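Engineer: Sharing a structure, written as structure tokens. Questions coming.
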Amino acid sequence: MSLDPDLWQALGALDRRTRAALVLTVLDGFTQDEVATMFNVPRGTVASWISRGYGHLRRVLGQDR
């Protein structure tokens with residue numbers, strides 16, 4: 001991923017909570033339940049952050065990536 005500056009720029013445009021939820025689940029392997037506990041929010045909130053984050057990445061980077 002360090003070779004894809006577009007990805008890092010797209011991630012940087014996300015709000016901190018959304019970016020953290022994506023990084024913690026995708027890169028670090030935490031479950032949505034674990035992330036919800038970390039942030040003291042409902043699991044559905046984490047799922048929403050992740051969904052919005054993926055949507056942003058798809059729009060910015062295109063679906064082919």
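Naming works like this for the structure tokens: A, B, ... for the chains as they're shown, residue 1 at the start of each chain, ligands 1 onward in shown order.
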Give me the residues near segment 2-16 of chain A as an NGL selection string, where near means some atom within 8 Å (using only C-alpha atoms) and where sequence neighbours in that chain fewer than 2 positions away do not count.
Structural biologist: :A and (18-20 or 53 or 56-57 or 60-61)
Engineer: Kindly export the residues of the current selection with N, CA and C atoms, as a compact mmCIF listing (two decimals), in the first residue's frame.
Structural biologist:
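Full text of again_15.txt as output:
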```txt
# COMPACT_ATOMS: atom_id res chain seq x y z
N THR A 18 -13.82 7.27 10.75
CA THR A 18 -14.03 6.38 9.60
C THR A 18 -12.70 5.76 9.17
N ARG A 19 -11.68 6.58 9.09
CA ARG A 19 -10.36 6.07 8.71
C ARG A 19 -9.87 5.03 9.72
N ALA A 20 -10.03 5.33 10.99
CA ALA A 20 -9.59 4.40 12.04
C ALA A 20 -10.37 3.09 11.95
N GLY A 53 -16.85 4.76 4.44
CA GLY A 53 -15.44 4.81 4.05
C GLY A 53 -15.19 4.08 2.75
N HIS A 56 -16.58 6.06 -0.14
CA HIS A 56 -15.68 7.17 -0.49
C HIS A 56 -14.51 6.65 -1.33
N LEU A 57 -13.90 5.56 -0.88
CA LEU A 57 -12.76 5.01 -1.61
C LEU A 57 -13.15 4.57 -3.01
N VAL A 60 -13.58 7.78 -5.14
CA VAL A 60 -12.32 8.49 -5.41
C VAL A 60 -11.37 7.65 -6.26
N LEU A 61 -11.27 6.38 -5.94
CA LEU A 61 -10.29 5.53 -6.61
C LEU A 61 -10.85 4.76 -7.81
```
Engineer: Would you pick out the contacts of Gly44 of chain A at 12 Å or less, using only C-alpha atoms, so that residues sharing its chain but fewer than 6 positions from it are not included, and give the list as a CSV table (one decimal) with C-alpha atoms, in the first residue's frame?
Structural biologist:
```csv
chain,number,residue,atom,x,y,z
A,21,ALA,CA,-12.5,1.9,11.6
A,32,GLN,CA,-16.5,-4.5,14.1
A,33,ASP,CA,-17.5,-5.5,17.6
A,35,VAL,CA,-13.8,-1.6,17.2
A,36,ALA,CA,-17.1,-0.6,18.7
A,37,THR,CA,-15.8,-1.4,22.1
A,50,ILE,CA,-16.9,1.4,7.3
A,51,SER,CA,-19.6,1.5,4.7
```
Engineer: When DSSP is applied to the backbone of this structure, which of chain A are assigned alpha helix (DSSP H)? Write them out as a ChimeraX atom specification.
Structural biologist: /A:5-12,16-22,32-39,43-61
Engineer: Could you tell me which of A:Phe39, A:Glu34, A:Asp28, A:Val23 comes closest to Tyr54 of chain A if we count only C-alpha atoms?
Structural biologist: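 Ranked by minimum distance to Tyr54 of chain A, first place goes to A:Val23.
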